[in-house]
>>> print(open('start17.txt').read())   # compact mmCIF, C-alpha atoms
# COMPACT_ATOMS: atom_id res chain seq x y z
CA MET A 1 36.28 37.72 94.56
CA GLY A 2 37.53 38.10 91.01
CA SER A 3 40.16 40.26 89.37
CA ASP A 4 38.44 43.52 90.42
CA TYR A 5 39.04 42.92 94.13
CA SER A 6 41.42 45.27 95.90
CA ALA A 7 42.30 45.19 99.59
CA SER A 8 42.98 48.92 99.61
CA PRO A 9 40.18 51.48 100.00
CA LYS A 10 38.74 52.76 96.73
CA THR A 11 38.07 56.19 98.18
CA LYS A 12 40.78 58.77 98.71
CA PRO A 13 42.58 58.46 102.08
CA LEU A 14 42.19 61.26 104.59
CA CYS A 15 45.90 62.01 104.24
CA GLY A 16 49.25 60.29 103.77
CA CYS A 17 49.29 59.15 107.40
CA THR A 18 46.52 56.59 106.87
CA GLU A 19 44.91 54.36 104.26
CA TYR A 20 41.43 55.17 105.58
CA ALA A 21 39.03 57.72 104.11
CA HIS A 22 37.04 60.38 105.96
CA ASP A 23 33.90 58.20 106.16
CA ASP A 24 35.87 55.30 107.66
CA VAL A 25 37.42 57.51 110.33
CA GLN A 26 34.08 59.06 111.27
CA ARG A 27 32.43 55.65 111.51
CA VAL A 28 35.19 54.12 113.65
CA ILE A 29 35.21 57.07 116.06
CA ARG A 30 31.50 56.56 116.69
CA GLU A 31 31.48 52.76 116.75
CA GLN A 32 34.54 52.40 118.99
CA HIS A 33 33.74 55.40 121.17
CA LEU A 34 37.17 56.91 120.62
CA THR A 35 37.56 60.22 122.43
CA SER A 36 41.09 61.42 121.67
CA ILE A 37 43.35 61.89 118.67
CA SER A 38 45.94 59.50 120.10
CA LYS A 39 43.33 56.75 120.55
CA VAL A 40 42.16 57.12 116.96
CA MET A 41 45.71 56.96 115.63
CA HIS A 42 46.51 53.91 117.75
CA PHE A 43 43.33 52.00 116.93
CA MET A 44 43.53 52.72 113.19
CA ASN A 45 47.28 52.06 112.92
CA TRP A 46 48.32 55.55 111.84
CA LYS A 47 51.55 55.48 109.84
CA THR A 48 52.83 58.71 111.40
CA PRO A 49 52.76 58.70 115.23
CA ASP A 50 51.81 62.36 115.63
CA GLY A 51 49.85 62.81 112.40
CA CYS A 52 50.19 65.84 110.16
CA HIS A 53 48.71 69.25 109.43
CA VAL A 54 45.97 67.61 107.36
CA CYS A 55 44.72 64.83 109.62
CA ARG A 56 45.05 66.43 113.06
CA PRO A 57 42.52 69.25 112.44
CA ALA A 58 40.15 66.74 110.80
CA LEU A 59 40.41 64.27 113.68
CA ASN A 60 39.97 67.06 116.21
CA TYR A 61 36.73 68.10 114.50
CA TYR A 62 35.36 64.55 114.08
CA LEU A 63 35.95 63.81 117.76
CA LEU A 64 34.43 67.12 118.83
CA CYS A 65 31.32 66.41 116.76
CA ALA A 66 30.91 62.78 117.83
CA TRP A 67 31.49 63.22 121.56
CA PRO A 68 30.82 66.88 122.46
CA GLY A 69 30.46 66.19 126.17
CA GLU A 70 33.59 64.07 126.51
CA PHE A 71 36.23 65.23 124.07
CA GLN A 72 38.56 68.03 125.10
CA ASP A 73 39.35 70.36 122.22
CA ASP A 74 43.00 70.16 121.17
CA SER A 75 43.96 73.73 120.32
CA GLN A 76 47.30 72.64 118.83
CA SER A 77 45.36 70.70 116.20
CA ARG A 78 43.70 73.87 114.97
CA TYR A 79 44.94 76.41 112.44
CA ILE A 80 46.48 79.64 113.72
CA ASN A 81 43.25 81.64 113.17
CA GLU A 82 41.23 79.32 115.38
CA ARG A 83 43.95 79.16 118.02
CA VAL A 84 44.05 82.91 118.53
CA HIS A 85 40.42 83.64 117.54
CA ALA A 86 41.30 86.25 114.93
CA ASN A 87 42.11 86.30 111.22
CA ILE A 88 45.80 86.53 110.37
CA GLN A 89 46.50 89.03 107.57
CA ARG A 90 49.20 89.13 104.93
CA ASP A 91 51.46 91.38 107.06
CA GLY A 92 51.22 89.19 110.18
CA THR A 93 48.68 91.40 111.97
CA PHE A 94 45.15 90.23 112.73
CA SER A 95 41.56 91.32 112.13
CA VAL A 96 38.93 91.39 114.86
CA VAL A 97 35.24 91.01 114.00
CA PRO A 98 32.69 91.31 116.82
CA ARG A 99 29.40 89.44 116.42
CA VAL A 100 26.49 91.66 115.41
CA TRP A 101 23.34 89.62 115.97
CA GLY A 102 21.34 89.58 112.75
CA GLY A 103 23.17 92.71 111.60
CA VAL A 104 21.49 94.83 114.31
CA THR A 105 23.72 97.06 116.46
CA SER A 106 23.30 100.05 118.78
CA PRO A 107 24.90 103.47 119.29
CA GLN A 108 26.68 102.17 122.40
CA GLU A 109 28.20 99.24 120.53
CA LEU A 110 29.31 101.54 117.73
CA ARG A 111 30.86 103.95 120.24
CA THR A 112 32.75 101.07 121.85
CA ILE A 113 34.11 99.89 118.50
CA ALA A 114 35.19 103.44 117.63
CA GLU A 115 36.88 103.93 121.01
CA VAL A 116 38.73 100.60 120.69
CA ALA A 117 39.89 101.54 117.20
CA ASP A 118 41.23 104.87 118.52
CA LYS A 119 42.83 103.42 121.65
CA PHE A 120 44.72 100.67 119.82
CA LYS A 121 45.39 102.72 116.68
CA VAL A 122 43.60 100.26 114.40
CA PRO A 123 44.58 101.30 110.85
CA THR A 124 41.42 100.14 109.03
CA VAL A 125 37.79 99.80 110.12
CA LYS A 126 35.62 98.19 107.44
CA PHE A 127 32.05 96.98 107.06
CA THR A 128 31.99 93.34 105.95
CA GLY A 129 29.67 91.64 103.47
CA GLY A 130 28.01 89.91 106.42
CA GLN A 131 26.73 93.14 108.04
CA ARG A 132 29.51 93.38 110.61
CA ILE A 133 32.47 95.65 111.36
CA ASP A 134 36.05 94.47 110.86
CA LEU A 135 38.98 95.96 112.79
CA LEU A 136 42.00 95.28 110.57
CA GLY A 137 45.70 95.52 111.40
CA VAL A 138 45.62 94.54 115.09
CA LYS A 139 48.88 93.40 116.67
CA LYS A 140 48.77 89.90 118.09
CA GLN A 141 49.83 90.95 121.57
CA ASP A 142 46.97 93.48 121.66
CA LEU A 143 44.23 90.93 120.97
CA PRO A 144 43.31 90.02 124.58
CA ALA A 145 43.15 93.70 125.59
CA ILE A 146 40.93 94.59 122.62
CA TRP A 147 38.64 91.67 123.38
CA GLY A 148 38.37 92.82 126.98
CA GLU A 149 37.27 96.30 125.90
CA LEU A 150 34.71 94.88 123.48
CA ASN A 151 33.41 92.43 126.09
CA LYS A 152 32.59 95.31 128.44
CA ALA A 153 30.00 96.49 125.94
CA GLY A 154 28.58 92.98 125.54
CA LEU A 155 30.30 92.26 122.23
CA VAL A 156 31.49 88.70 121.65
CA SER A 157 33.53 86.91 119.02
CA GLY A 158 32.04 86.86 115.54
CA HIS A 159 34.00 83.71 114.62
CA ALA A 160 34.99 85.27 111.31
CA TYR A 161 38.14 83.15 111.54
CA GLY A 162 36.74 79.66 112.13
CA LYS A 163 35.24 76.60 110.54
CA ALA A 164 32.04 77.61 112.22
CA LEU A 165 28.89 79.66 111.86
CA ARG A 166 30.00 83.04 110.56
CA THR A 167 26.98 85.30 110.30
CA VAL A 168 23.22 85.48 109.75
CA LYS A 169 22.48 88.24 107.27
CA THR A 170 19.04 89.86 107.45
CA CYS A 171 16.92 92.57 105.88
CA VAL A 172 14.57 94.79 107.89
CA GLY A 173 11.46 92.76 106.99
CA THR A 174 8.08 93.80 108.36
CA ASP A 175 9.69 96.09 110.95
CA TRP A 176 10.27 98.77 108.30
CA CYS A 177 10.00 97.53 104.72
CA ARG A 178 6.68 98.02 102.91
CA PHE A 179 7.31 94.79 100.97
CA GLY A 180 8.13 92.63 104.01
CA THR A 181 5.90 89.64 104.68
CA GLN A 182 7.52 88.31 107.89
CA ASP A 183 9.85 89.49 110.70
CA SER A 184 13.11 88.56 109.00
CA THR A 185 15.30 90.51 111.45
CA GLY A 186 13.81 88.79 114.49
CA MET A 187 14.05 85.41 112.77
CA GLY A 188 17.70 86.00 111.90
CA ILE A 189 18.59 86.98 115.45
CA LYS A 190 16.87 83.86 116.82
CA LEU A 191 18.76 81.67 114.35
CA GLU A 192 22.08 83.24 115.28
CA LYS A 193 21.44 82.98 119.02
CA VAL A 194 20.77 79.23 118.66
CA THR A 195 23.60 78.41 116.26
CA TRP A 196 26.51 80.71 117.20
CA ARG A 197 29.80 79.10 118.25
CA SER A 198 28.88 75.81 116.54
CA TRP A 199 31.96 74.21 115.00
CA MET A 200 31.42 72.89 111.48
CA PRO A 201 33.36 70.98 108.80
CA HIS A 202 33.76 74.33 107.05
CA LYS A 203 32.51 77.88 107.40
CA VAL A 204 28.73 78.29 107.33
CA LYS A 205 26.79 81.38 106.37
CA MET A 206 23.06 81.96 106.75
CA ALA A 207 20.57 84.64 105.78
CA VAL A 208 16.92 85.55 106.23
CA SER A 209 15.02 87.62 103.65
CA GLY A 210 11.70 89.23 104.52
CA CYS A 211 10.14 88.67 101.10
CA PRO A 212 10.88 86.92 97.78
CA ARG A 213 12.82 90.01 96.62
CA ASN A 214 15.58 88.37 98.65
CA CYS A 215 17.63 91.43 99.64
CA SER A 216 19.65 89.30 102.07
CA GLU A 217 20.79 86.98 99.28
CA ALA A 218 19.49 83.94 101.16
CA THR A 219 19.60 81.76 98.05
CA ILE A 220 23.40 81.68 97.90
CA LYS A 221 23.90 80.80 101.57
CA ASP A 222 24.55 77.46 103.26
CA PHE A 223 21.15 77.81 104.91
CA GLY A 224 18.79 80.47 103.63
CA VAL A 225 15.32 81.50 104.77
CA VAL A 226 12.94 83.44 102.53
CA ALA A 227 9.70 84.81 103.97
CA VAL A 228 6.48 84.34 102.03
CA GLU A 229 2.87 85.19 102.89
CA SER A 230 2.19 81.68 104.25
CA GLY A 231 5.41 81.34 106.27
CA TRP A 232 8.99 80.54 105.31
CA GLU A 233 10.87 78.85 102.48
CA LEU A 234 13.98 76.97 103.60
CA HIS A 235 16.89 76.79 101.17
CA VAL A 236 20.14 74.80 101.55
CA GLY A 237 23.51 74.28 99.92
CA GLY A 238 24.20 77.72 98.47
CA ASN A 239 27.66 79.14 97.92
CA GLY A 240 28.75 82.60 96.85
CA GLY A 241 32.43 81.73 96.58
CA MET A 242 34.65 80.90 93.61
CA LYS A 243 32.11 78.37 92.38
CA VAL A 244 28.73 80.04 92.82
CA ARG A 245 25.89 77.66 93.62
CA VAL A 246 22.25 78.61 94.06
CA THR A 247 20.47 76.87 96.91
CA ASP A 248 18.07 73.96 96.61
CA LEU A 249 14.61 74.37 98.10
CA LEU A 250 14.43 72.06 101.10
CA CYS A 251 10.81 72.70 102.06
CA LYS A 252 8.32 75.29 103.31
CA VAL A 253 7.27 75.75 106.93
CA GLU A 254 4.81 78.00 108.74
CA THR A 255 6.35 79.01 112.07
CA GLN A 256 9.62 80.40 113.44
CA GLU A 257 9.92 77.38 115.73
CA GLU A 258 9.90 75.11 112.69
CA VAL A 259 12.59 77.23 111.03
CA LEU A 260 14.82 76.73 114.08
CA GLU A 261 14.19 72.98 114.21
CA TYR A 262 14.77 72.38 110.51
CA CYS A 263 17.88 74.57 110.56
CA GLY A 264 19.39 72.79 113.57
CA ALA A 265 18.61 69.38 112.06
CA PHE A 266 20.17 70.33 108.73
CA LEU A 267 23.32 71.69 110.37
CA GLN A 268 23.69 68.60 112.55
CA LEU A 269 23.29 66.25 109.58
CA TYR A 270 25.95 68.26 107.79
CA ARG A 271 28.19 68.30 110.86
CA GLU A 272 27.96 64.54 111.33
CA GLN A 273 28.31 63.41 107.73
CA ALA A 274 30.29 65.95 105.72
CA HIS A 275 34.04 65.57 105.33
CA TYR A 276 36.25 68.09 107.10
CA LEU A 277 36.76 71.19 104.87
CA GLU A 278 33.74 70.26 102.73
CA ARG A 279 31.23 73.10 102.33
CA THR A 280 27.49 72.37 102.31
CA ALA A 281 27.33 72.90 98.52
CA PRO A 282 29.66 70.02 97.51
CA TRP A 283 28.31 67.90 100.37
CA ILE A 284 24.75 68.13 99.05
CA GLU A 285 25.95 67.46 95.52
CA ARG A 286 27.70 64.35 96.84
CA VAL A 287 24.88 62.89 98.96
CA GLY A 288 21.94 64.29 97.00
CA LEU A 289 19.12 66.63 97.99
CA ALA A 290 16.70 63.69 98.14
CA TYR A 291 18.74 62.12 100.94
CA VAL A 292 18.73 65.35 102.95
CA GLN A 293 14.98 65.76 102.47
CA LYS A 294 14.39 62.16 103.49
CA ARG A 295 16.29 62.63 106.77
CA ILE A 296 14.88 66.06 107.63
CA VAL A 297 11.58 66.69 105.86
CA GLU A 298 10.03 63.25 105.43
CA ASP A 299 11.20 61.67 108.70
CA ALA A 300 10.00 63.75 111.66
CA ASP A 301 11.67 61.46 114.21
CA SER A 302 15.01 61.75 112.43
CA ARG A 303 14.66 65.54 112.24
CA LYS A 304 13.87 65.88 115.94
CA ALA A 305 16.73 63.57 116.93
CA LEU A 306 19.19 65.58 114.83
CA TYR A 307 17.94 68.83 116.32
CA GLU A 308 18.25 67.46 119.86
CA ARG A 309 21.84 66.37 119.18
CA PHE A 310 22.62 69.82 117.82
CA LEU A 311 21.19 71.55 120.89
CA GLU A 312 23.07 69.17 123.17
CA SER A 313 26.37 69.93 121.45
CA GLN A 314 25.70 73.66 121.78
CA GLN A 315 25.57 73.35 125.57
CA TYR A 316 29.30 72.66 125.62
CA VAL A 317 30.51 75.36 123.24
CA GLN A 318 28.37 78.48 123.62
CA LYS A 319 30.98 80.36 125.61
CA ASP A 320 32.70 83.43 124.25
CA PRO A 321 36.37 82.55 123.56
CA TRP A 322 37.32 86.23 123.63
CA ALA A 323 36.10 86.56 127.22
CA GLN A 324 37.85 83.35 128.24
CA ARG A 325 41.15 84.68 126.95
CA ALA A 326 40.74 88.29 128.03
CA THR A 327 39.54 87.66 131.59
CA GLU A 328 40.61 84.09 132.40
CA GLY A 329 43.96 84.07 130.61
CA VAL A 330 43.18 80.94 128.58
CA ASP A 331 45.95 80.09 126.09
CA GLN A 332 47.99 83.07 127.24
CA HIS A 333 51.11 81.54 125.68
CA GLU A 334 49.67 82.23 122.23
CA PHE A 335 49.89 85.98 122.82
CA THR A 336 53.22 86.26 124.65
CA LEU A 337 55.35 84.07 122.39
CA LEU A 338 56.47 86.82 120.02
CA LYS A 339 57.42 89.18 122.84
CA GLU A 340 59.29 86.51 124.77
CA ILE A 341 61.53 85.48 121.88
CA GLY A 342 62.10 89.07 120.75
CA ALA A 343 61.02 88.62 117.14
CA PRO A 344 61.41 91.80 115.07
CA LYS A 345 58.14 93.27 113.77
CA GLN A 346 58.97 92.77 110.11
CA GLN A 347 59.49 89.04 110.72
CA SER A 348 56.41 88.45 112.85
CA HIS A 349 54.26 87.14 109.98
CA GLU A 350 56.98 84.64 109.02
CA LEU A 351 57.15 83.45 112.61
CA GLU A 352 53.37 83.03 112.67
CA ALA A 353 53.57 80.73 109.66
CA GLU A 354 56.26 78.70 111.41
CA VAL A 355 54.29 78.51 114.66
CA ALA A 356 51.12 77.53 112.76
>>> encode(input="start17.txt", output="structure tokens")
Amino acid sequence: MGSDYSASPKTKPLCGCTEYAHDDVQRVIREQHLTSISKVMHFMNWKTPDGCHVCRPALNYYLLCAWPGEFQDDSQSRYINERVHANIQRDGTFSVVPRVWGGVTSPQELRTIAEVADKFKVPTVKFTGGQRIDLLGVKKQDLPAIWGELNKAGLVSGHAYGKALRTVKTCVGTDWCRFGTQDSTGMGIKLEKVTWRSWMPHKVKMAVSGCPRNCSEATIKDFGVVAVESGWELHVGGNGGMKVRVTDLLCKVETQEEVLEYCGAFLQLYREQAHYLERTAPWIERVGLAYVQKRIVEDADSRKALYERFLESQQYVQKDPWAQRATEGVDQHEFTLLKEIGAPKQQSHELEAEVA
């Protein structure tokens, strides 16, 4: 094959436990119908029997995405935030963010949040950039009780801690704004209802703006929708983080049903092909907008198949993890560990790092 031949992969390995790259692992999991982390490691000759903190979360996600109806989620292969469904803070306490569908709440929900904050002496209550309310400084052992109180009012996990859909930001649109051209609030709520609890390679944020004035900042979101007189503009691959990236225009559609279909297809293509911990922005830069448009805009059969796979995967995950832990006692060991071993409060954050 000449002097340029190399038996080793030219792409970067997933981690030090294997010589194979992300794409190789994803392909083998699908082709060989592997449904557990141990089977992947055995089939691909993993160097380290139990893997490491890099490969185990990635394998857990790839298996979950490839075989949603067969694979059992391995909680011990998730980071501490996803294990306890709350964001760990610098002092070892946690933040709790209820989901607020499309940024729309009610007096009863607000009263419940206020009562929970009083009852559990939550030190800080803050509005987030995603139109939600963050309860900061919650003790780990209090999490199931707080979730139970929030669940009584119909509030569920906002997944502000996960590699998942975070929030769908909206403006008031035609409901109230004199510049609105479409029902952006209703569209945002529909999008969030369809996509919530979907696990992703990285966090995903969405937004719907009711007119080109773009008050919801849809053009720096992973998937953004901008209302125009003739329907909706769909934008993809935005990022408002350390490296700001403006979205690319995917296409224009006319109906809300089309927005849902194109969104689900885009998310599923991203879920299936992006590398773990790769945001939509670098993913699109890597594969190219033309490829995404070819799979979603130009090929109707491909788009519909992707959307169907996304909806199928949602059937297995759209359950509120807060309710499961508050009422069913799922993963109870995560919330009793500190108490059982008698860790002093000032050392709790160090213990969390060790446990994670």
>>> residues_around(input="start17.txt", residues="range 168-171 of chain A", least_positions_apart="6", cutoff="6 Å", atoms="all atoms listed in the file", output="PyMOL selection string")
chain A and resi 102+130+185+188+206-209+216
>>> residues_around(input="start17.txt", residues="Leu59 in chain A", least_positions_apart="5", cutoff="9 Å", atoms="all atoms listed in the file", output="ChimeraX atom specification")
/A:25-26,36-37,40,64,77,276
>>> residues_around(input="start17.txt", residues="Glu229 in chain A", least_positions_apart="3", cutoff="10 Å", atoms="only C-alpha atoms", output="PyMOL selection string")
chain A and resi 180-182+210-212+232+254
>>> atom_distance(input="start17.txt", atom1="CA of Gly16 in chain A", atom2="CA of His53 in chain A")
10.6 Å
>>> atom_distance(input="start17.txt", atom1="CA of Arg132 in chain A", atom2="CA of Glu109 in chain A")
11.6 Å
>>> closest_residue(input="start17.txt", among="A:Met41, A:Ala86, A:Val125, A:Ala218", to="Pro321 in chain A", atoms="all atoms listed in the file")
A:Ala86
>>> atom_distance(input="start17.txt", atom1="CA of Asn239 in chain A", atom2="CA of Glu272 in chain A")
19.8 Å
>>> closest_residue(input="start17.txt", among="A:Gln273, A:Ser230, A:Asn214, A:Ser95", to="Asp142 in chain A", atoms="all atoms listed in the file")
A:Ser95
>>> closest_residue(input="start17.txt", among="A:Leu14, A:Val253, A:Ala58, A:Ala66", to="Val297 in chain A", atoms="only C-alpha atoms")
A:Val253
>>> closest_residue(input="start17.txt", among="A:Ser302, A:Thr327, A:Thr18, A:Thr11", to="Tyr262 in chain A", atoms="only C-alpha atoms")
A:Ser302
>>> closest_residue(input="start17.txt", among="A:Glu278, A:Glu217, A:Glu149, A:Asp134", to="Val204 in chain A", atoms="only C-alpha atoms")
A:Glu278
>>> closest_residue(input="start17.txt", among="A:Leu143, A:Ala281, A:Ala164, A:Ala323", to="Val244 in chain A", atoms="only C-alpha atoms")
A:Ala281
>>> residues_near_point(input="start17.txt", point="(15.5, 68.8, 107.8)", cutoff="7 Å", atoms="all atoms listed in the file", output="PyMOL selection string")
chain A and resi 262-263+265-266+292-293+295-297+303
>>> write_last_selection(input="start17.txt", atoms="C-alpha atoms", output="PDB file, in the frame of the given file")
ATOM      1  CA  TYR A 262      14.770  72.380 110.510  1.00  0.00           C
ATOM      2  CA  CYS A 263      17.880  74.570 110.560  1.00  0.00           C
ATOM      3  CA  ALA A 265      18.610  69.380 112.060  1.00  0.00           C
ATOM      4  CA  PHE A 266      20.170  70.330 108.730  1.00  0.00           C
ATOM      5  CA  VAL A 292      18.730  65.350 102.950  1.00  0.00           C
ATOM      6  CA  GLN A 293      14.980  65.760 102.470  1.00  0.00           C
ATOM      7  CA  ARG A 295      16.290  62.630 106.770  1.00  0.00           C
ATOM      8  CA  ILE A 296      14.880  66.060 107.630  1.00  0.00           C
ATOM      9  CA  VAL A 297      11.580  66.690 105.860  1.00  0.00           C
ATOM     10  CA  ARG A 303      14.660  65.540 112.240  1.00  0.00           C
TER      11      ARG A 303
END
